[in-house]
Amino acid sequence: MDAVFDNLDIFAEGFRRTVGLSLFAAIAALILGTALAAMRVSPVPPLRWFGTAYVEIVRNTPLTVVFFFVVFVLPQVDIRFSYFTFAVVALSIYHGALVCEAVRSGINGVDLGQAEAARALGLTFTQTLRMIVLPQAFRNVLQPLGSVISALIRNTSIAAAFGVQELTGVVQRLTTANPDSVIAVLLGGVVAYLILTLALAGALALTERRVASAR
C-alpha cells in the first residue's frame with residue numbers, strides 16, 4: 001500500500017476534482033432536468049416536442065459520444081472552456097435527460113385534482129407547477145434522483161479520457177508509475193468512490209426521513 005500512502009496528496013487532488021465535477025454537474029443536471037420535465041408536461045405543443053426530442057436523443061446516446069461532441073465539436077464553433085468545464089457540461093447534458101424522466105414520473109404521480117383546483121383558483125400553469133406540483137413531485141422521486149446522481153458520480157470517470165485528472169485519471173497515472181502496486185492503487189480508487197456514493201446514500205436517507213416526518 002506504499003504506492004497509495006506515498007501519493008495521498010495526488011489522490012486527494014483527484015478526489016477534490018471528482019467531488020467538484022459531481023457537485024457542479026448534479027446541480028446543473030437537476031436544473032436542466034426540471035426545466036425539461038416542465039416542458040414535457042407543458043400545455044404548449046412545441047415545448048413538449050422539444051422536451052421529448054431532447055430526452056429521447058440524449059438518453060439513447062452513449063455518454064462518451066456526448067463527451068466527444070462537447071470537447072471536440074463545441075470548440076469548432078468558438079465555444080472554448082477548460083476540460084473541467086467541458087466535462088461538467090457533458091455530464092449535465094446527459095444526466096439532465098435522466099433527471100427529466102425521474103421528475104416527470106413524480107409530476108405524473110401528483111393527484112390531478114390538485115392541479116385542477118389550482119387552475120380554479122386562477123393560478124397559471126407555471127405557478128401551479130412551481131408552488132404545488134413540483135414540491136410534491138420531488139418528494140415522490142428522491143430515490144430515483146439519488147440513483148441518477150449516484151450514476152453521475154461514477155460516470156465522472158469518463159472525464160479522465162478527456163484531460164481531466166479526477167480519481168480515475170489519478171489511478172491510471174499511478175498504476176503506470178507503480179506497475180508492481182496496481183491492485184493497491186485500484187483499491188485506493190475504489191475506496192474513494194465508495195466514500196462518495198455512501199455519503200450520497202446517507203444524505204439521501206436523512207432527507208427521506210426529514211420529508212417523511214414533515215408529512
# chains A, B, ... in the order shown; residues from 1 in each chain; ligands from 1

$ residues_around --residues "Ile107 (chain A)" --least-positions-apart "5" --cutoff "12 Å" --atoms "only C-alpha atoms" --output "PDB file with N, CA, C and O atoms, in the first residue's frame"
ATOM      1  N   THR A  34     -35.273  19.476 -14.504  1.00  0.00           N
ATOM      2  CA  THR A  34     -36.554  20.022 -14.037  1.00  0.00           C
ATOM      3  C   THR A  34     -37.209  20.876 -15.120  1.00  0.00           C
ATOM      4  O   THR A  34     -38.423  20.808 -15.344  1.00  0.00           O
ATOM      5  N   ALA A  37     -38.579  18.544 -17.721  1.00  0.00           N
ATOM      6  CA  ALA A  37     -39.799  17.893 -17.240  1.00  0.00           C
ATOM      7  C   ALA A  37     -40.988  18.844 -17.340  1.00  0.00           C
ATOM      8  O   ALA A  37     -42.103  18.428 -17.710  1.00  0.00           O
ATOM      9  N   ALA A  38     -40.762  20.119 -17.009  1.00  0.00           N
ATOM     10  CA  ALA A  38     -41.835  21.118 -17.138  1.00  0.00           C
ATOM     11  C   ALA A  38     -42.263  21.256 -18.594  1.00  0.00           C
ATOM     12  O   ALA A  38     -43.456  21.391 -18.891  1.00  0.00           O
ATOM     13  N   MET A  39     -41.291  21.198 -19.506  1.00  0.00           N
ATOM     14  CA  MET A  39     -41.630  21.266 -20.929  1.00  0.00           C
ATOM     15  C   MET A  39     -42.464  20.063 -21.353  1.00  0.00           C
ATOM     16  O   MET A  39     -43.422  20.193 -22.121  1.00  0.00           O
ATOM     17  N   ARG A  40     -42.112  18.890 -20.845  1.00  0.00           N
ATOM     18  CA  ARG A  40     -42.793  17.671 -21.282  1.00  0.00           C
ATOM     19  C   ARG A  40     -44.239  17.585 -20.798  1.00  0.00           C
ATOM     20  O   ARG A  40     -45.026  16.840 -21.368  1.00  0.00           O
ATOM     21  N   VAL A  41     -44.567  18.319 -19.746  1.00  0.00           N
ATOM     22  CA  VAL A  41     -45.957  18.338 -19.280  1.00  0.00           C
ATOM     23  C   VAL A  41     -46.631  19.668 -19.596  1.00  0.00           C
ATOM     24  O   VAL A  41     -47.743  19.925 -19.142  1.00  0.00           O
ATOM     25  N   SER A  42     -45.953  20.497 -20.378  1.00  0.00           N
ATOM     26  CA  SER A  42     -46.484  21.817 -20.707  1.00  0.00           C
ATOM     27  C   SER A  42     -47.681  21.714 -21.650  1.00  0.00           C
ATOM     28  O   SER A  42     -47.767  20.806 -22.482  1.00  0.00           O
ATOM     29  N   CYS A 100     -34.876  14.477 -15.934  1.00  0.00           N
ATOM     30  CA  CYS A 100     -36.174  14.845 -16.515  1.00  0.00           C
ATOM     31  C   CYS A 100     -37.175  13.706 -16.372  1.00  0.00           C
ATOM     32  O   CYS A 100     -38.312  13.925 -15.934  1.00  0.00           O
ATOM     33  N   GLU A 101     -36.778  12.504 -16.725  1.00  0.00           N
ATOM     34  CA  GLU A 101     -37.698  11.380 -16.658  1.00  0.00           C
ATOM     35  C   GLU A 101     -38.102  11.058 -15.223  1.00  0.00           C
ATOM     36  O   GLU A 101     -39.246  10.696 -14.954  1.00  0.00           O
ATOM     37  N   ALA A 102     -37.144  11.192 -14.292  1.00  0.00           N
ATOM     38  CA  ALA A 102     -37.463  10.944 -12.888  1.00  0.00           C
ATOM     39  C   ALA A 102     -38.465  11.982 -12.373  1.00  0.00           C
ATOM     40  O   ALA A 102     -39.457  11.642 -11.721  1.00  0.00           O
ATOM     41  N   LEU A 112     -54.184  14.656  -9.939  1.00  0.00           N
ATOM     42  CA  LEU A 112     -54.611  15.616 -10.951  1.00  0.00           C
ATOM     43  C   LEU A 112     -55.585  16.642 -10.380  1.00  0.00           C
ATOM     44  O   LEU A 112     -55.627  17.794 -10.832  1.00  0.00           O
ATOM     45  N   GLN A 114     -55.402  18.284  -7.715  1.00  0.00           N
ATOM     46  CA  GLN A 114     -54.724  19.447  -7.134  1.00  0.00           C
ATOM     47  C   GLN A 114     -54.424  20.488  -8.199  1.00  0.00           C
ATOM     48  O   GLN A 114     -54.575  21.696  -7.958  1.00  0.00           O
ATOM     49  N   ALA A 115     -54.007  20.039  -9.377  1.00  0.00           N
ATOM     50  CA  ALA A 115     -53.749  20.981 -10.464  1.00  0.00           C
ATOM     51  C   ALA A 115     -55.045  21.641 -10.926  1.00  0.00           C
ATOM     52  O   ALA A 115     -55.092  22.838 -11.227  1.00  0.00           O
ATOM     53  N   THR A 128     -48.771  26.895 -10.758  1.00  0.00           N
ATOM     54  CA  THR A 128     -49.230  25.598 -10.259  1.00  0.00           C
ATOM     55  C   THR A 128     -48.075  24.617 -10.172  1.00  0.00           C
ATOM     56  O   THR A 128     -47.911  23.895  -9.177  1.00  0.00           O
ATOM     57  N   LEU A 129     -47.247  24.615 -11.207  1.00  0.00           N
ATOM     58  CA  LEU A 129     -46.116  23.699 -11.235  1.00  0.00           C
ATOM     59  C   LEU A 129     -45.120  24.028 -10.125  1.00  0.00           C
ATOM     60  O   LEU A 129     -44.657  23.136  -9.400  1.00  0.00           O
ATOM     61  N   ARG A 130     -44.817  25.320  -9.977  1.00  0.00           N
ATOM     62  CA  ARG A 130     -43.781  25.734  -9.020  1.00  0.00           C
ATOM     63  C   ARG A 130     -44.222  25.605  -7.576  1.00  0.00           C
ATOM     64  O   ARG A 130     -43.455  25.147  -6.728  1.00  0.00           O
ATOM     65  N   ILE A 132     -47.173  23.994  -6.284  1.00  0.00           N
ATOM     66  CA  ILE A 132     -47.981  22.852  -5.844  1.00  0.00           C
ATOM     67  C   ILE A 132     -47.435  21.516  -6.335  1.00  0.00           C
ATOM     68  O   ILE A 132     -47.236  20.590  -5.552  1.00  0.00           O
ATOM     69  N   VAL A 133     -47.171  21.418  -7.631  1.00  0.00           N
ATOM     70  CA  VAL A 133     -46.837  20.118  -8.217  1.00  0.00           C
ATOM     71  C   VAL A 133     -45.390  19.711  -7.960  1.00  0.00           C
ATOM     72  O   VAL A 133     -45.117  18.602  -7.477  1.00  0.00           O
ATOM     73  N   LEU A 134     -44.430  20.590  -8.277  1.00  0.00           N
ATOM     74  CA  LEU A 134     -43.021  20.203  -8.172  1.00  0.00           C
ATOM     75  C   LEU A 134     -42.582  19.836  -6.754  1.00  0.00           C
ATOM     76  O   LEU A 134     -41.836  18.855  -6.580  1.00  0.00           O
ATOM     77  N   PRO A 135     -42.996  20.590  -5.713  1.00  0.00           N
ATOM     78  CA  PRO A 135     -42.585  20.175  -4.356  1.00  0.00           C
ATOM     79  C   PRO A 135     -43.008  18.754  -4.023  1.00  0.00           C
ATOM     80  O   PRO A 135     -42.244  17.994  -3.416  1.00  0.00           O
ATOM     81  N   GLN A 136     -44.215  18.376  -4.426  1.00  0.00           N
ATOM     82  CA  GLN A 136     -44.681  17.013  -4.167  1.00  0.00           C
ATOM     83  C   GLN A 136     -43.961  16.010  -5.065  1.00  0.00           C
ATOM     84  O   GLN A 136     -43.632  14.894  -4.641  1.00  0.00           O
ATOM     85  N   ALA A 137     -43.707  16.406  -6.304  1.00  0.00           N
ATOM     86  CA  ALA A 137     -43.033  15.507  -7.237  1.00  0.00           C
ATOM     87  C   ALA A 137     -41.635  15.155  -6.745  1.00  0.00           C
ATOM     88  O   ALA A 137     -41.223  13.988  -6.793  1.00  0.00           O
ATOM     89  N   PHE A 138     -40.906  16.143  -6.257  1.00  0.00           N
ATOM     90  CA  PHE A 138     -39.545  15.878  -5.763  1.00  0.00           C
ATOM     91  C   PHE A 138     -39.570  14.943  -4.554  1.00  0.00           C
ATOM     92  O   PHE A 138     -38.689  14.088  -4.409  1.00  0.00           O
ATOM     93  N   ARG A 139     -40.557  15.111  -3.675  1.00  0.00           N
ATOM     94  CA  ARG A 139     -40.655  14.207  -2.527  1.00  0.00           C
ATOM     95  C   ARG A 139     -40.914  12.770  -2.981  1.00  0.00           C
ATOM     96  O   ARG A 139     -40.440  11.820  -2.357  1.00  0.00           O
ATOM     97  N   ASN A 140     -41.649  12.625  -4.075  1.00  0.00           N
ATOM     98  CA  ASN A 140     -42.002  11.288  -4.555  1.00  0.00           C
ATOM     99  C   ASN A 140     -40.859  10.569  -5.260  1.00  0.00           C
ATOM    100  O   ASN A 140     -40.904   9.343  -5.411  1.00  0.00           O
ATOM    101  N   VAL A 141     -39.856  11.322  -5.717  1.00  0.00           N
ATOM    102  CA  VAL A 141     -38.815  10.701  -6.557  1.00  0.00           C
ATOM    103  C   VAL A 141     -37.414  10.885  -5.972  1.00  0.00           C
ATOM    104  O   VAL A 141     -36.429  10.913  -6.709  1.00  0.00           O
TER     105      VAL A 141
END

$ closest_atom_pairs --of "region 103-194 of chain A" --to "region 24-28 of chain A" --cutoff "9 Å" --atoms "only C-alpha atoms" --output "Markdown table"
| residue | atom | partner | partner_atom | distance |
| --- | --- | --- | --- | --- |
| A:Val148 | CA | A:Ala26 | CA | 9.0 |
| A:Ile149 | CA | A:Ala26 | CA | 6.3 |
| A:Leu152 | CA | A:Ala26 | CA | 7.4 |
| A:Ile153 | CA | A:Ala26 | CA | 8.7 |

$ closest_residue --among "A:Ala87, A:Ala205, A:Val171, A:Val182" --to "Asn155 (chain A)" --atoms "only C-alpha atoms"
A:Ala87

$ atom_distance --atom1 "CA of Ala199 (chain A)" --atom2 "CA of Phe11 (chain A)"
17.8 Å

$ atom_distance --atom1 "CA of Ala90 (chain A)" --atom2 "CA of Leu174 (chain A)"
25.8 Å

$ closest_residue --among "A:Leu123, A:Val170, A:Ala29, A:Leu74" --to "Val185 (chain A)" --atoms "only C-alpha atoms"
A:Val170

$ select_by_dssp --residues "region 51-212 of chain A" --states "alpha helix (DSSP H)" --output "JSON, numbers by chain"
{"A": [51, 52, 53, 54, 55, 56, 57, 58, 59, 63, 64, 65, 66, 67, 68, 83, 84, 85, 86, 87, 88, 89, 90, 91, 92, 93, 94, 95, 96, 97, 98, 99, 100, 101, 102, 103, 104, 105, 106, 107, 108, 112, 113, 114, 115, 116, 117, 118, 119, 120, 125, 126, 127, 128, 134, 135, 136, 137, 138, 139, 140, 142, 143, 144, 145, 146, 147, 148, 149, 150, 151, 152, 153, 154, 155, 167, 168, 169, 170, 171, 172, 173, 174, 175, 176, 177, 182, 183, 184, 185, 186, 187, 188, 189, 190, 191, 192, 193, 194, 195, 196, 197, 198, 199, 200, 201, 202, 203, 204, 205, 206, 207, 208, 209, 210, 211, 212]}

$ closest_residue --among "A:Val58, A:Ala159, A:Val71, A:Val211" --to "Tyr94 (chain A)" --atoms "only C-alpha atoms"
A:Val58

$ atom_distance --atom1 "CA of Asn7 (chain A)" --atom2 "CA of Gln172 (chain A)"
13.0 Å

$ residues_around --residues "Leu63 (chain A)" --least-positions-apart "3" --cutoff "10 Å" --atoms "only C-alpha atoms" --output "mmCIF file with C-alpha atoms, in the first residue's frame"
data_model
loop_
_atom_site.group_PDB
_atom_site.id
_atom_site.type_symbol
_atom_site.label_atom_id
_atom_site.label_comp_id
_atom_site.auth_asym_id
_atom_site.auth_seq_id
_atom_site.Cartn_x
_atom_site.Cartn_y
_atom_site.Cartn_z
ATOM 1 C CA VAL A 58 -29.683 12.240 -25.378
ATOM 2 C CA ARG A 59 -30.858 9.260 -23.344
ATOM 3 C CA ASN A 60 -30.153 6.927 -26.271
ATOM 4 C CA VAL A 66 -21.712 13.309 -25.655
ATOM 5 C CA PHE A 67 -18.219 13.966 -24.273
ATOM 6 C CA PHE A 68 -16.741 13.822 -27.783
ATOM 7 C CA PHE A 69 -19.324 16.291 -29.046
ATOM 8 C CA ALA A 90 -21.216 16.858 -20.921
ATOM 9 C CA LEU A 91 -22.299 15.241 -17.658
ATOM 10 C CA ILE A 93 -26.408 17.371 -20.742
ATOM 11 C CA TYR A 94 -26.581 13.595 -20.396
ATOM 12 C CA HIS A 95 -27.877 13.276 -16.847
ATOM 13 C CA ASN A 155 -19.628 8.455 -14.772
ATOM 14 C CA ILE A 158 -15.087 9.159 -18.318
#

$ closest_residue --among "A:Ser82, A:Gln76, A:Asn108, A:Thr126" --to "Ala35 (chain A)" --atoms "only C-alpha atoms"
A:Thr126

$ closest_residue --among "A:Ile79, A:Leu196, A:Leu204, A:Val99" --to "Thr156 (chain A)" --atoms "only C-alpha atoms"
A:Leu196

$ residues_around --residues "Ile195 (chain A)" --least-positions-apart "2" --cutoff "12 Å" --atoms "only C-alpha atoms" --output "PyMOL selection string"
chain A and resi 15+18-19+150+153-154+188-193+197-202

$ write_last_selection --atoms "all heavy atoms" --output "compact mmCIF listing (two decimals), in the first residue's frame"
# COMPACT_ATOMS: atom_id res chain seq x y z
N PHE A 15 -9.58 13.34 -5.83
CA PHE A 15 -10.85 13.26 -5.09
C PHE A 15 -11.58 14.59 -5.13
O PHE A 15 -12.80 14.65 -5.36
CB PHE A 15 -10.57 12.83 -3.65
CG PHE A 15 -11.80 12.58 -2.83
CD1 PHE A 15 -12.44 11.35 -2.88
CD2 PHE A 15 -12.32 13.56 -2.00
CE1 PHE A 15 -13.57 11.10 -2.13
CE2 PHE A 15 -13.45 13.33 -1.25
CZ PHE A 15 -14.08 12.09 -1.31
N THR A 18 -13.10 15.14 -8.54
CA THR A 18 -14.29 14.30 -8.72
C THR A 18 -15.47 14.89 -7.96
O THR A 18 -16.60 14.92 -8.48
CB THR A 18 -14.01 12.86 -8.25
OG1 THR A 18 -13.00 12.29 -9.07
CG2 THR A 18 -15.26 12.00 -8.34
N VAL A 19 -15.24 15.35 -6.74
CA VAL A 19 -16.30 15.99 -5.96
C VAL A 19 -16.82 17.23 -6.68
O VAL A 19 -18.03 17.47 -6.78
CB VAL A 19 -15.81 16.34 -4.54
CG1 VAL A 19 -16.84 17.21 -3.83
CG2 VAL A 19 -15.54 15.08 -3.74
N SER A 150 -26.01 9.16 -8.23
CA SER A 150 -25.01 8.13 -7.96
C SER A 150 -24.35 7.68 -9.27
O SER A 150 -23.13 7.50 -9.34
CB SER A 150 -25.65 6.94 -7.26
OG SER A 150 -24.70 5.92 -7.01
N ILE A 153 -21.91 10.33 -10.42
CA ILE A 153 -20.62 10.27 -9.71
C ILE A 153 -19.71 9.23 -10.35
O ILE A 153 -18.53 9.48 -10.60
CB ILE A 153 -20.84 9.96 -8.22
CG1 ILE A 153 -21.53 11.13 -7.53
CG2 ILE A 153 -19.50 9.65 -7.53
CD1 ILE A 153 -21.95 10.85 -6.09
N ARG A 154 -20.26 8.06 -10.64
CA ARG A 154 -19.45 7.01 -11.27
C ARG A 154 -19.04 7.39 -12.68
O ARG A 154 -17.93 7.07 -13.13
CB ARG A 154 -20.22 5.69 -11.27
CG ARG A 154 -20.53 5.15 -9.88
CD ARG A 154 -21.05 3.73 -9.93
NE ARG A 154 -22.30 3.63 -10.67
CZ ARG A 154 -23.49 3.80 -10.14
NH1 ARG A 154 -23.61 4.12 -8.84
NH2 ARG A 154 -24.59 3.66 -10.87
N GLY A 188 -7.39 1.73 -3.73
CA GLY A 188 -7.48 3.11 -3.24
C GLY A 188 -8.54 3.90 -4.00
O GLY A 188 -9.33 4.65 -3.40
N GLY A 189 -8.59 3.72 -5.34
CA GLY A 189 -9.60 4.40 -6.14
C GLY A 189 -11.00 3.92 -5.81
O GLY A 189 -11.94 4.72 -5.71
N VAL A 190 -11.15 2.60 -5.61
CA VAL A 190 -12.46 2.03 -5.27
C VAL A 190 -12.95 2.59 -3.94
O VAL A 190 -14.13 2.97 -3.80
CB VAL A 190 -12.38 0.49 -5.20
CG1 VAL A 190 -13.64 -0.08 -4.57
CG2 VAL A 190 -12.17 -0.09 -6.59
N VAL A 191 -12.07 2.67 -2.96
CA VAL A 191 -12.45 3.20 -1.64
C VAL A 191 -12.89 4.66 -1.76
O VAL A 191 -13.89 5.08 -1.14
CB VAL A 191 -11.28 3.08 -0.65
CG1 VAL A 191 -11.55 3.87 0.62
CG2 VAL A 191 -11.03 1.61 -0.31
N ALA A 192 -12.19 5.44 -2.60
CA ALA A 192 -12.55 6.85 -2.76
C ALA A 192 -13.94 6.99 -3.37
O ALA A 192 -14.76 7.80 -2.93
CB ALA A 192 -11.51 7.55 -3.64
N TYR A 193 -14.24 6.18 -4.39
CA TYR A 193 -15.58 6.23 -4.99
C TYR A 193 -16.64 5.75 -4.01
O TYR A 193 -17.76 6.28 -3.97
CB TYR A 193 -15.62 5.38 -6.26
CG TYR A 193 -15.10 6.08 -7.49
CD1 TYR A 193 -13.91 5.68 -8.09
CD2 TYR A 193 -15.78 7.15 -8.04
CE1 TYR A 193 -13.41 6.33 -9.21
CE2 TYR A 193 -15.30 7.81 -9.17
CZ TYR A 193 -14.11 7.39 -9.75
OH TYR A 193 -13.63 8.05 -10.85
N THR A 197 -20.17 7.65 -2.92
CA THR A 197 -21.50 7.08 -3.11
C THR A 197 -22.19 6.78 -1.77
O THR A 197 -23.41 6.97 -1.65
CB THR A 197 -21.42 5.79 -3.95
OG1 THR A 197 -20.47 4.89 -3.37
CG2 THR A 197 -20.97 6.12 -5.37
N LEU A 198 -21.42 6.35 -0.78
CA LEU A 198 -22.03 6.10 0.54
C LEU A 198 -22.44 7.41 1.22
O LEU A 198 -23.45 7.46 1.91
CB LEU A 198 -21.05 5.33 1.43
CG LEU A 198 -20.79 3.87 1.01
CD1 LEU A 198 -19.74 3.23 1.91
CD2 LEU A 198 -22.08 3.06 1.04
N ALA A 199 -21.65 8.45 1.01
CA ALA A 199 -22.04 9.76 1.55
C ALA A 199 -23.34 10.24 0.92
O ALA A 199 -24.22 10.78 1.60
CB ALA A 199 -20.93 10.78 1.31
N LEU A 200 -23.48 10.02 -0.40
CA LEU A 200 -24.72 10.39 -1.07
C LEU A 200 -25.89 9.57 -0.54
O LEU A 200 -26.97 10.11 -0.27
CB LEU A 200 -24.58 10.15 -2.58
CG LEU A 200 -25.85 10.31 -3.40
CD1 LEU A 200 -26.36 11.75 -3.35
CD2 LEU A 200 -25.62 9.88 -4.85
N ALA A 201 -25.68 8.26 -0.34
CA ALA A 201 -26.74 7.40 0.19
C ALA A 201 -27.17 7.85 1.58
O ALA A 201 -28.36 7.87 1.91
CB ALA A 201 -26.28 5.95 0.21
N GLY A 202 -26.20 8.23 2.41
CA GLY A 202 -26.52 8.70 3.75
C GLY A 202 -27.30 10.00 3.72
O GLY A 202 -28.28 10.17 4.47

$ closest_residue --among "A:Val164, A:Ile31, A:Leu206, A:Val70" --to "Gly14 (chain A)" --atoms "only C-alpha atoms"
A:Val164
